[in-house]
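Everything below concerns the one structure shown next.
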Amino acid sequence: VIPGWFSEISPMWPGEAHSLKVEKILFQGNSEYQKVMVFQSSTYGKVLVLDGVIQLTERDECAYQEMIVHLPLCSISNPKKVLVIGGGDGGVLREVSRHSSVEQIDICEIDKMVVDVSKQFFPDVAVGYEDPRVTLHIGDGVAFLKAVPEGTYDAVIVDSSDPIGPAQELFEKPFFESVARALRPGGVVCTQAESIWLHMHIIEDIVKNCRQIFKGSVNYAWTTVPTYPSGVIGFMLCSTEGPSVDFKHPVNPIDANDSQSKSKGPLKFYNSEIHTAAFCLPSFAKKVIEPK
Ligand SMILES: NCCCN[C@H]1CC[C@H](N)CC1
């Protein structure tokens with residue numbers, strides 16, 4: 001360990017570790033589920049770490065939060081009911097609330113400490129909780145979805161951590177089946193889907209499960225997030241049987257004034273061109289992900 005530096009060492013990305021220079025540790029605690037830490041970095045603003053894994057930094061969180069929300073919501077016209085699984089920091093809520101057609105935003109986060117810590121240290125991320133359309137449920141997303149009436153949601157966003165830890169079940173087939181049941185015909189889901197540089201085997205398994213479960217379209221998109229392992233993160237975008245969804249061409253582009261509300265500031269990363277580009281994959285990934 002280099003004094004004054006945080007290194008993200010994990011068996012999920014063996015032999016490599018991204019490091020950030022630490023100015024000051026601002027919070028350390030143990031929740032019921034994981035170790036929670038916040039530190040002030042030298043060049044990426046404040047950083048949220050769960051069980052030694054970087055979840056977000058103030059400098060680059062916009063890339064992940066904007067893409068995981070606007071890739072699905074800009075792919076369907078008039079999203080009204082949205083469910084967020086995970087996402088306790090509130091960043092996904094901030095982005096969903098830019099869509100004026102949305103009437104109801106439910107969020108199910110298992111770890112209350114993540115919510116409280118985000119409100120205390122990341123107010124520009126946790127601002128999402130201030131939207132009156134938001135209802136916060138503290139609990140297990142797997143159980144929450146089982147209780148959801150069939151066909152309730154237009155969109156589900158699964159903003160999870162990695163498969164090692166509390167989010168493990170969110171990468172397994174039964175969970176994807178419960179998401180499909182909770183979606184209306186032609187409804188969409190977008191999940192955090194790891195890195196094509198590090199996790200092709202996990203992605204292959206997820207794609208196989210999604211193709212069996214989601215009878216609409218199944219696509220993989222990716223983007224750059226400097227402080228995530230290998231500097232990229234991907235998303236599974238799936239739609240249920242019903243009105244067809246073309247994820248690659250946004251039918252519901254985010255409107256300038258929708259996103260210009262004072263509390264949230266302008267979009268820093270997402271736009272319609274980068275939406276379409278996100279689905280372009282390198283050949284080694286196309287081979288595994290795209291249908292034979
Ligand atoms: N809302 C915070 C983002 C959570 N997703 C991250 C994806 C990459 C992982 N290595 C860590 C969590």
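Identifiers in this document derive from the order of the structure tokens: chains are assigned A, B, ..., residues are numbered from 1 separately in each chain, and ligands are numbered from 1 in order of occurrence.
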Show me a table, sorted first by chain and then by increasing residue number, of the residues of chain A having an atom at most 9 Å from ligand 1, each with its shortest atom pair and the distance in Å to one decimal, counting only C-alpha atoms and all ligand atoms and written as CSV.
```
residue,atom,partner,partner_atom_place_in_ligand_line,distance
A:Met12,CA,ligand 1,10 (N),8.7
A:Leu48,CA,ligand 1,2 (C),8.5
A:Val49,CA,ligand 1,11 (C),8.6
A:Leu50,CA,ligand 1,11 (C),8.2
A:Val53,CA,ligand 1,11 (C),6.0
A:Ile54,CA,ligand 1,11 (C),5.7
A:Gln55,CA,ligand 1,12 (C),4.4
A:Leu56,CA,ligand 1,2 (C),5.4
A:Thr57,CA,ligand 1,2 (C),9.0
A:Glu61,CA,ligand 1,2 (C),7.6
A:Tyr64,CA,ligand 1,3 (C),7.0
A:Gln65,CA,ligand 1,1 (N),6.8
A:Gly86,CA,ligand 1,1 (N),7.5
A:Gly87,CA,ligand 1,1 (N),4.7
A:Gly88,CA,ligand 1,1 (N),6.9
A:Asp89,CA,ligand 1,1 (N),5.9
A:Gly90,CA,ligand 1,1 (N),7.4
A:Gly91,CA,ligand 1,1 (N),6.4
A:Val92,CA,ligand 1,1 (N),6.9
A:Asp159,CA,ligand 1,1 (N),5.7
A:Ser160,CA,ligand 1,5 (N),5.2
A:Ser161,CA,ligand 1,12 (C),3.8
A:Asp162,CA,ligand 1,9 (C),5.4
A:Gln192,CA,ligand 1,7 (C),6.3
A:Ala193,CA,ligand 1,7 (C),7.9
A:Glu194,CA,ligand 1,8 (C),6.3
A:Ser195,CA,ligand 1,8 (C),8.2
A:Val225,CA,ligand 1,8 (C),8.9
A:Thr227,CA,ligand 1,8 (C),8.8
A:Tyr228,CA,ligand 1,8 (C),5.6
A:Pro229,CA,ligand 1,10 (N),6.2
A:Val232,CA,ligand 1,8 (C),8.6
A:Ile233,CA,ligand 1,8 (C),6.5
A:Gly234,CA,ligand 1,7 (C),8.6
```
Would you save the residues from that selection as an mmCIF file, in the first residue's frame, using N, CA and C atoms?
```cif
data_model
loop_
_atom_site.group_PDB
_atom_site.id
_atom_site.type_symbol
_atom_site.label_atom_id
_atom_site.label_comp_id
_atom_site.auth_asym_id
_atom_site.auth_seq_id
_atom_site.Cartn_x
_atom_site.Cartn_y
_atom_site.Cartn_z
ATOM 1 N N MET A 12 -11.839 -9.604 -8.478
ATOM 2 C CA MET A 12 -12.674 -9.469 -9.674
ATOM 3 C C MET A 12 -11.879 -8.894 -10.833
ATOM 4 N N LEU A 48 -16.817 7.537 -3.320
ATOM 5 C CA LEU A 48 -17.576 6.572 -2.504
ATOM 6 C C LEU A 48 -17.042 5.175 -2.795
ATOM 7 N N VAL A 49 -16.654 4.447 -1.713
ATOM 8 C CA VAL A 49 -16.069 3.113 -1.844
ATOM 9 C C VAL A 49 -16.859 2.120 -1.001
ATOM 10 N N LEU A 50 -17.273 0.994 -1.604
ATOM 11 C CA LEU A 50 -17.964 -0.069 -0.857
ATOM 12 C C LEU A 50 -17.122 -1.339 -0.914
ATOM 13 N N VAL A 53 -14.261 -1.197 -3.228
ATOM 14 C CA VAL A 53 -14.524 -1.021 -4.663
ATOM 15 C C VAL A 53 -15.127 0.366 -4.918
ATOM 16 N N ILE A 54 -14.523 1.121 -5.858
ATOM 17 C CA ILE A 54 -15.000 2.471 -6.165
ATOM 18 C C ILE A 54 -16.390 2.402 -6.782
ATOM 19 N N GLN A 55 -17.350 3.107 -6.198
ATOM 20 C CA GLN A 55 -18.725 3.141 -6.708
ATOM 21 C C GLN A 55 -18.952 4.394 -7.542
ATOM 22 N N LEU A 56 -18.427 5.527 -7.062
ATOM 23 C CA LEU A 56 -18.544 6.752 -7.856
ATOM 24 C C LEU A 56 -17.565 7.809 -7.359
ATOM 25 N N THR A 57 -17.185 8.697 -8.290
ATOM 26 C CA THR A 57 -16.406 9.880 -7.902
ATOM 27 C C THR A 57 -17.157 11.093 -8.444
ATOM 28 N N GLU A 61 -18.871 10.587 -12.244
ATOM 29 C CA GLU A 61 -20.135 9.856 -12.040
ATOM 30 C C GLU A 61 -21.153 10.195 -13.114
ATOM 31 N N TYR A 64 -21.563 7.468 -15.989
ATOM 32 C CA TYR A 64 -22.306 6.243 -15.658
ATOM 33 C C TYR A 64 -23.786 6.543 -15.419
ATOM 34 N N GLN A 65 -24.068 7.560 -14.553
ATOM 35 C CA GLN A 65 -25.468 7.817 -14.190
ATOM 36 C C GLN A 65 -26.292 8.270 -15.394
ATOM 37 N N GLY A 86 -31.129 -0.850 -6.491
ATOM 38 C CA GLY A 86 -29.800 -0.346 -6.140
ATOM 39 C C GLY A 86 -29.813 1.172 -6.258
ATOM 40 N N GLY A 87 -28.679 1.731 -6.677
ATOM 41 C CA GLY A 87 -28.645 3.172 -6.931
ATOM 42 C C GLY A 87 -28.853 4.048 -5.710
ATOM 43 N N GLY A 88 -28.508 3.511 -4.525
ATOM 44 C CA GLY A 88 -28.772 4.224 -3.277
ATOM 45 C C GLY A 88 -28.129 5.595 -3.198
ATOM 46 N N ASP A 89 -27.105 5.873 -4.020
ATOM 47 C CA ASP A 89 -26.465 7.190 -3.950
ATOM 48 C C ASP A 89 -27.368 8.291 -4.506
ATOM 49 N N GLY A 90 -28.381 7.916 -5.278
ATOM 50 C CA GLY A 90 -29.346 8.913 -5.770
ATOM 51 C C GLY A 90 -29.040 9.473 -7.143
ATOM 52 N N GLY A 91 -27.887 9.140 -7.718
ATOM 53 C CA GLY A 91 -27.510 9.685 -9.026
ATOM 54 C C GLY A 91 -28.453 9.261 -10.138
ATOM 55 N N VAL A 92 -28.884 8.003 -10.111
ATOM 56 C CA VAL A 92 -29.823 7.528 -11.130
ATOM 57 C C VAL A 92 -31.154 8.280 -10.987
ATOM 58 N N ASP A 159 -28.985 -0.546 -10.961
ATOM 59 C CA ASP A 159 -27.719 0.149 -10.716
ATOM 60 C C ASP A 159 -27.011 -0.559 -9.571
ATOM 61 N N SER A 160 -26.346 -1.655 -9.906
ATOM 62 C CA SER A 160 -25.806 -2.516 -8.851
ATOM 63 C C SER A 160 -24.294 -2.337 -8.683
ATOM 64 N N SER A 161 -23.804 -2.903 -7.589
ATOM 65 C CA SER A 161 -22.353 -3.027 -7.442
ATOM 66 C C SER A 161 -21.976 -4.302 -8.202
ATOM 67 N N ASP A 162 -20.915 -4.978 -7.787
ATOM 68 C CA ASP A 162 -20.454 -6.138 -8.562
ATOM 69 C C ASP A 162 -20.999 -7.452 -8.007
ATOM 70 N N GLN A 192 -26.380 -2.652 -14.949
ATOM 71 C CA GLN A 192 -24.933 -2.512 -14.911
ATOM 72 C C GLN A 192 -24.356 -3.850 -15.354
ATOM 73 N N ALA A 193 -23.537 -3.848 -16.413
ATOM 74 C CA ALA A 193 -23.093 -5.130 -16.984
ATOM 75 C C ALA A 193 -21.582 -5.191 -17.186
ATOM 76 N N GLU A 194 -20.844 -4.734 -16.182
ATOM 77 C CA GLU A 194 -19.404 -4.990 -16.078
ATOM 78 C C GLU A 194 -18.586 -4.547 -17.285
ATOM 79 N N SER A 195 -17.382 -5.127 -17.439
ATOM 80 C CA SER A 195 -16.415 -4.614 -18.418
ATOM 81 C C SER A 195 -16.082 -5.666 -19.477
ATOM 82 N N VAL A 225 -15.693 5.172 -18.117
ATOM 83 C CA VAL A 225 -15.720 5.764 -16.777
ATOM 84 C C VAL A 225 -14.309 5.576 -16.217
ATOM 85 N N THR A 227 -12.692 5.930 -13.582
ATOM 86 C CA THR A 227 -12.370 5.351 -12.262
ATOM 87 C C THR A 227 -13.009 3.984 -12.019
ATOM 88 N N TYR A 228 -13.593 3.387 -13.078
ATOM 89 C CA TYR A 228 -14.031 1.987 -12.956
ATOM 90 C C TYR A 228 -12.925 1.100 -13.507
ATOM 91 N N PRO A 229 -12.813 -0.131 -13.026
ATOM 92 C CA PRO A 229 -11.730 -1.011 -13.457
ATOM 93 C C PRO A 229 -11.718 -1.158 -14.992
ATOM 94 N N VAL A 232 -13.775 1.194 -18.394
ATOM 95 C CA VAL A 232 -15.053 1.124 -19.120
ATOM 96 C C VAL A 232 -16.070 0.347 -18.298
ATOM 97 N N ILE A 233 -17.342 0.582 -18.588
ATOM 98 C CA ILE A 233 -18.429 -0.168 -17.955
ATOM 99 C C ILE A 233 -19.502 -0.377 -19.008
ATOM 100 N N GLY A 234 -20.209 -1.531 -18.885
ATOM 101 C CA GLY A 234 -21.224 -1.833 -19.896
ATOM 102 C C GLY A 234 -22.610 -1.895 -19.303
#
```
Spatial neighbours of Lys248 of chain A, 12 Å, only C-alpha atoms, chain gap at least 5 places, as a ChimeraX atom specification: /A:70-72,74-76,217-221,237-238,253,272-280
Residue neighbourhood Phe284 of chain A, 12 Å, only C-alpha atoms, exclusion window fewer than 4 positions, as an mmCIF file with N, CA, C and O atoms, in the first residue's frame:
```
data_model
loop_
_atom_site.group_PDB
_atom_site.id
_atom_site.type_symbol
_atom_site.label_atom_id
_atom_site.label_comp_id
_atom_site.auth_asym_id
_atom_site.auth_seq_id
_atom_site.Cartn_x
_atom_site.Cartn_y
_atom_site.Cartn_z
ATOM 1 N N ILE A 196 -16.091 -5.272 -20.759
ATOM 2 C CA ILE A 196 -15.741 -6.224 -21.825
ATOM 3 C C ILE A 196 -14.262 -6.583 -21.758
ATOM 4 O O ILE A 196 -13.844 -7.614 -22.282
ATOM 5 N N TRP A 197 -13.443 -5.774 -21.095
ATOM 6 C CA TRP A 197 -12.003 -6.096 -20.964
ATOM 7 C C TRP A 197 -11.782 -7.110 -19.847
ATOM 8 O O TRP A 197 -10.824 -7.871 -19.891
ATOM 9 N N MET A 200 -15.753 -10.814 -19.808
ATOM 10 C CA MET A 200 -16.495 -11.356 -20.963
ATOM 11 C C MET A 200 -17.299 -12.602 -20.575
ATOM 12 O O MET A 200 -18.385 -12.827 -21.083
ATOM 13 N N GLU A 204 -21.143 -12.931 -21.138
ATOM 14 C CA GLU A 204 -21.672 -14.021 -21.988
ATOM 15 C C GLU A 204 -22.848 -14.713 -21.299
ATOM 16 O O GLU A 204 -23.885 -14.966 -21.908
ATOM 17 N N CYS A 280 -21.746 0.302 -30.411
ATOM 18 C CA CYS A 280 -20.703 -0.207 -31.317
ATOM 19 C C CYS A 280 -19.660 -0.944 -30.481
ATOM 20 O O CYS A 280 -19.074 -0.364 -29.576
ATOM 21 N N VAL A 288 -18.929 -12.550 -29.010
ATOM 22 C CA VAL A 288 -19.546 -13.211 -27.850
ATOM 23 C C VAL A 288 -20.975 -12.730 -27.643
ATOM 24 O O VAL A 288 -21.861 -13.503 -27.288
ATOM 25 N N ILE A 289 -21.187 -11.436 -27.866
ATOM 26 C CA ILE A 289 -22.465 -10.845 -27.451
ATOM 27 C C ILE A 289 -23.535 -10.913 -28.535
ATOM 28 O O ILE A 289 -24.705 -11.177 -28.227
ATOM 29 N N GLU A 290 -23.160 -10.679 -29.797
ATOM 30 C CA GLU A 290 -24.199 -10.589 -30.828
ATOM 31 C C GLU A 290 -24.612 -11.979 -31.295
ATOM 32 O O GLU A 290 -23.822 -12.901 -31.233
#
```
Strand (DSSP E) positions in segment 32-273 of chain A, given as a PyMOL selection string: chain A and resi 35-41+46-50+53-57+81-86+104-109+134-138+153-159+183-192+218-224+232-239
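With only C-alpha atoms taken into account, the protein and nucleic acid residues at most 10 Å from Asp106 of chain A (excluding it and anything under 5 positions from it in its own chain) are Lys81, Val82, Leu83, Val84, Ile85, Leu93, Arg133, Val134, Thr135, Leu136, His137, Tyr153 and Val156 of chain A.
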Could you take the residues named above and write them with C-alpha atoms, as a compact mmCIF listing (two decimals), in the first residue's frame?
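Below is the file part39.txt, written as the result:
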```txt
# COMPACT_ATOMS: atom_id res chain seq x y z
CA LYS A 81 -43.39 4.35 -14.22
CA VAL A 82 -39.73 3.66 -13.46
CA LEU A 83 -38.17 1.29 -10.90
CA VAL A 84 -34.56 1.61 -9.74
CA ILE A 85 -32.92 -1.40 -8.08
CA LEU A 93 -32.84 9.26 -9.52
CA ARG A 133 -42.13 11.46 -7.64
CA VAL A 134 -39.54 9.36 -5.76
CA THR A 135 -40.47 6.65 -3.22
CA LEU A 136 -37.55 5.01 -1.39
CA HIS A 137 -37.82 1.39 -0.24
CA TYR A 153 -43.26 -0.64 -14.95
CA VAL A 156 -36.39 -0.89 -14.64
```
Non-local contacts of Trp5 of chain A (9 Å; only C-alpha atoms; under 4 positions in same chain excluded) as a ChimeraX atom specification: /A:1,19-23,41
Please produce an output containing N, CA, C and O atoms for each residue in the selection, written as a compact mmCIF listing (two decimals), in the first residue's frame.
```txt
# COMPACT_ATOMS: atom_id res chain seq x y z
N VAL A 1 0.86 -1.19 0.00
CA VAL A 1 0.00 0.00 0.00
C VAL A 1 0.91 1.26 0.00
O VAL A 1 1.80 1.38 0.81
N SER A 19 -5.50 3.44 -8.91
CA SER A 19 -5.21 4.14 -7.65
C SER A 19 -5.60 5.60 -7.74
O SER A 19 -5.50 6.21 -8.82
N LEU A 20 -6.04 6.18 -6.62
CA LEU A 20 -6.36 7.60 -6.55
C LEU A 20 -5.63 8.18 -5.34
O LEU A 20 -5.60 7.55 -4.28
N LYS A 21 -5.08 9.37 -5.52
CA LYS A 21 -4.36 10.02 -4.42
C LYS A 21 -5.39 10.53 -3.40
O LYS A 21 -6.38 11.18 -3.79
N VAL A 22 -5.16 10.21 -2.13
CA VAL A 22 -6.10 10.55 -1.06
C VAL A 22 -5.64 11.83 -0.34
O VAL A 22 -4.50 11.91 0.10
N GLU A 23 -6.54 12.83 -0.28
CA GLU A 23 -6.24 14.02 0.53
C GLU A 23 -6.67 13.78 1.97
O GLU A 23 -5.95 14.10 2.89
N SER A 41 -10.44 12.88 -2.82
CA SER A 41 -9.28 12.57 -3.65
C SER A 41 -8.63 13.88 -4.10
O SER A 41 -9.22 14.96 -3.99
```
Contact residues around Pro174 of chain A with only C-alpha atoms at 12 Å, ignoring same-chain residues under 3 positions, as a ChimeraX atom specification: /A:141-143,145-146,168-171,177-181,206,209-210,212-213
Can you spit out the residues from that selection as an mmCIF file, in the first residue's frame, using N, CA and C atoms?
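Contents of the output file result_1.cif:
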```cif
data_model
loop_
_atom_site.group_PDB
_atom_site.id
_atom_site.type_symbol
_atom_site.label_atom_id
_atom_site.label_comp_id
_atom_site.auth_asym_id
_atom_site.auth_seq_id
_atom_site.Cartn_x
_atom_site.Cartn_y
_atom_site.Cartn_z
ATOM 1 N N GLY A 141 -33.810 -5.997 -3.453
ATOM 2 C CA GLY A 141 -34.475 -5.836 -4.738
ATOM 3 C C GLY A 141 -35.128 -7.118 -5.241
ATOM 4 N N VAL A 142 -34.537 -8.275 -4.894
ATOM 5 C CA VAL A 142 -35.102 -9.557 -5.336
ATOM 6 C C VAL A 142 -36.498 -9.734 -4.722
ATOM 7 N N ALA A 143 -36.588 -9.473 -3.416
ATOM 8 C CA ALA A 143 -37.886 -9.626 -2.728
ATOM 9 C C ALA A 143 -38.869 -8.560 -3.209
ATOM 10 N N LEU A 145 -39.119 -7.104 -6.100
ATOM 11 C CA LEU A 145 -39.666 -7.414 -7.428
ATOM 12 C C LEU A 145 -40.702 -8.528 -7.367
ATOM 13 N N LYS A 146 -40.503 -9.494 -6.460
ATOM 14 C CA LYS A 146 -41.457 -10.608 -6.339
ATOM 15 C C LYS A 146 -42.840 -10.068 -5.943
ATOM 16 N N GLN A 168 -24.871 -9.856 -5.601
ATOM 17 C CA GLN A 168 -24.648 -11.121 -6.340
ATOM 18 C C GLN A 168 -25.916 -11.618 -7.047
ATOM 19 N N GLU A 169 -27.031 -11.622 -6.335
ATOM 20 C CA GLU A 169 -28.275 -12.182 -6.901
ATOM 21 C C GLU A 169 -28.795 -11.374 -8.088
ATOM 22 N N LEU A 170 -28.341 -10.125 -8.187
ATOM 23 C CA LEU A 170 -28.856 -9.256 -9.279
ATOM 24 C C LEU A 170 -28.228 -9.620 -10.610
ATOM 25 N N PHE A 171 -27.355 -10.591 -10.607
ATOM 26 C CA PHE A 171 -26.718 -11.041 -11.859
ATOM 27 C C PHE A 171 -27.209 -12.438 -12.241
ATOM 28 N N GLU A 177 -35.733 -12.853 -14.577
ATOM 29 C CA GLU A 177 -37.114 -13.304 -14.832
ATOM 30 C C GLU A 177 -38.105 -12.424 -14.073
ATOM 31 N N SER A 178 -37.734 -12.051 -12.841
ATOM 32 C CA SER A 178 -38.669 -11.224 -12.053
ATOM 33 C C SER A 178 -38.734 -9.804 -12.618
ATOM 34 N N VAL A 179 -37.637 -9.344 -13.225
ATOM 35 C CA VAL A 179 -37.668 -8.016 -13.866
ATOM 36 C C VAL A 179 -38.599 -8.067 -15.072
ATOM 37 N N ALA A 180 -38.474 -9.111 -15.877
ATOM 38 C CA ALA A 180 -39.314 -9.245 -17.082
ATOM 39 C C ALA A 180 -40.790 -9.256 -16.697
ATOM 40 N N ARG A 181 -41.116 -9.919 -15.586
ATOM 41 C CA ARG A 181 -42.522 -10.020 -15.144
ATOM 42 C C ARG A 181 -43.035 -8.657 -14.698
ATOM 43 N N ILE A 206 -24.769 -13.480 -18.873
ATOM 44 C CA ILE A 206 -25.909 -12.556 -18.753
ATOM 45 C C ILE A 206 -26.661 -12.469 -20.088
ATOM 46 N N ASN A 209 -28.764 -15.590 -20.691
ATOM 47 C CA ASN A 209 -29.987 -15.551 -19.867
ATOM 48 C C ASN A 209 -30.976 -14.539 -20.424
ATOM 49 N N CYS A 210 -30.484 -13.356 -20.799
ATOM 50 C CA CYS A 210 -31.399 -12.303 -21.279
ATOM 51 C C CYS A 210 -32.068 -12.707 -22.587
ATOM 52 N N GLN A 212 -32.910 -15.626 -23.445
ATOM 53 C CA GLN A 212 -33.961 -16.611 -23.146
ATOM 54 C C GLN A 212 -35.181 -15.922 -22.510
ATOM 55 N N ILE A 213 -34.927 -14.871 -21.744
ATOM 56 C CA ILE A 213 -36.003 -14.270 -20.939
ATOM 57 C C ILE A 213 -36.696 -13.100 -21.644
#
```
Spatial neighbours of Asp111 of chain A, max dist 9 Å, only C-alpha atoms, sep filter under 6 positions, as an mmCIF file with N, CA and C atoms, in the first residue's frame:
```
data_model
loop_
_atom_site.group_PDB
_atom_site.id
_atom_site.type_symbol
_atom_site.label_atom_id
_atom_site.label_comp_id
_atom_site.auth_asym_id
_atom_site.auth_seq_id
_atom_site.Cartn_x
_atom_site.Cartn_y
_atom_site.Cartn_z
ATOM 1 N N SER A 31 -21.795 -1.056 7.406
ATOM 2 C CA SER A 31 -23.258 -1.186 7.424
ATOM 3 C C SER A 31 -23.573 -2.650 7.694
ATOM 4 N N GLU A 32 -24.855 -3.002 7.622
ATOM 5 C CA GLU A 32 -25.248 -4.417 7.799
ATOM 6 C C GLU A 32 -24.671 -5.270 6.676
ATOM 7 N N TYR A 33 -24.292 -4.614 5.545
ATOM 8 C CA TYR A 33 -23.962 -5.413 4.352
ATOM 9 C C TYR A 33 -22.523 -5.269 3.880
ATOM 10 N N GLN A 34 -21.896 -4.108 4.177
ATOM 11 C CA GLN A 34 -20.585 -3.878 3.556
ATOM 12 C C GLN A 34 -19.858 -2.749 4.291
ATOM 13 N N GLY A 86 -31.129 -0.850 -6.491
ATOM 14 C CA GLY A 86 -29.800 -0.346 -6.140
ATOM 15 C C GLY A 86 -29.813 1.172 -6.258
ATOM 16 N N GLY A 88 -28.508 3.511 -4.525
ATOM 17 C CA GLY A 88 -28.772 4.224 -3.277
ATOM 18 C C GLY A 88 -28.129 5.595 -3.198
ATOM 19 N N ILE A 138 -36.208 0.647 1.457
ATOM 20 C CA ILE A 138 -34.953 0.036 1.899
ATOM 21 C C ILE A 138 -35.212 -1.461 2.006
ATOM 22 N N GLY A 139 -34.539 -2.253 1.168
ATOM 23 C CA GLY A 139 -34.759 -3.702 1.199
ATOM 24 C C GLY A 139 -34.081 -4.377 0.033
ATOM 25 N N ASP A 140 -34.300 -5.672 -0.066
ATOM 26 C CA ASP A 140 -33.662 -6.498 -1.099
ATOM 27 C C ASP A 140 -34.474 -6.408 -2.392
#
```
Two-atom distance - atom CA of Ser101 of chain A, atom CA of Ile157 of chain A (Å):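 Value for the atom CA of Ser101 of chain A-atom CA of Ile157 of chain A distance: 16.5 Å.
Among the residues of segment 146-214 of chain A, backbone DSSP assigns helix (DSSP H, G or I) to A:Lys146, A:Gln168, A:Glu169, A:Leu170, A:Phe171, A:Lys173, A:Pro174, A:Phe175, A:Phe176, A:Glu177, A:Ser178, A:Val179, A:Ala180, A:Arg181, A:Ala182, A:Met200, A:His201, A:Ile202, A:Ile203, A:Glu204, A:Asp205, A:Ile206, A:Val207, A:Lys208, A:Asn209, A:Cys210, A:Arg211, A:Gln212, A:Ile213.
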Length of the atom CA of Pro243 of chain A to atom CA of Glu103 of chain A vector [Å]: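 Answer for the atom CA of Pro243 of chain A to atom CA of Glu103 of chain A separation: 20.7 Å.
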Interatomic distance (Å, one decimal) between atom CA of Leu26 of chain A and atom CA of Val38 of chain A: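 So the answer is 5.4 Å.
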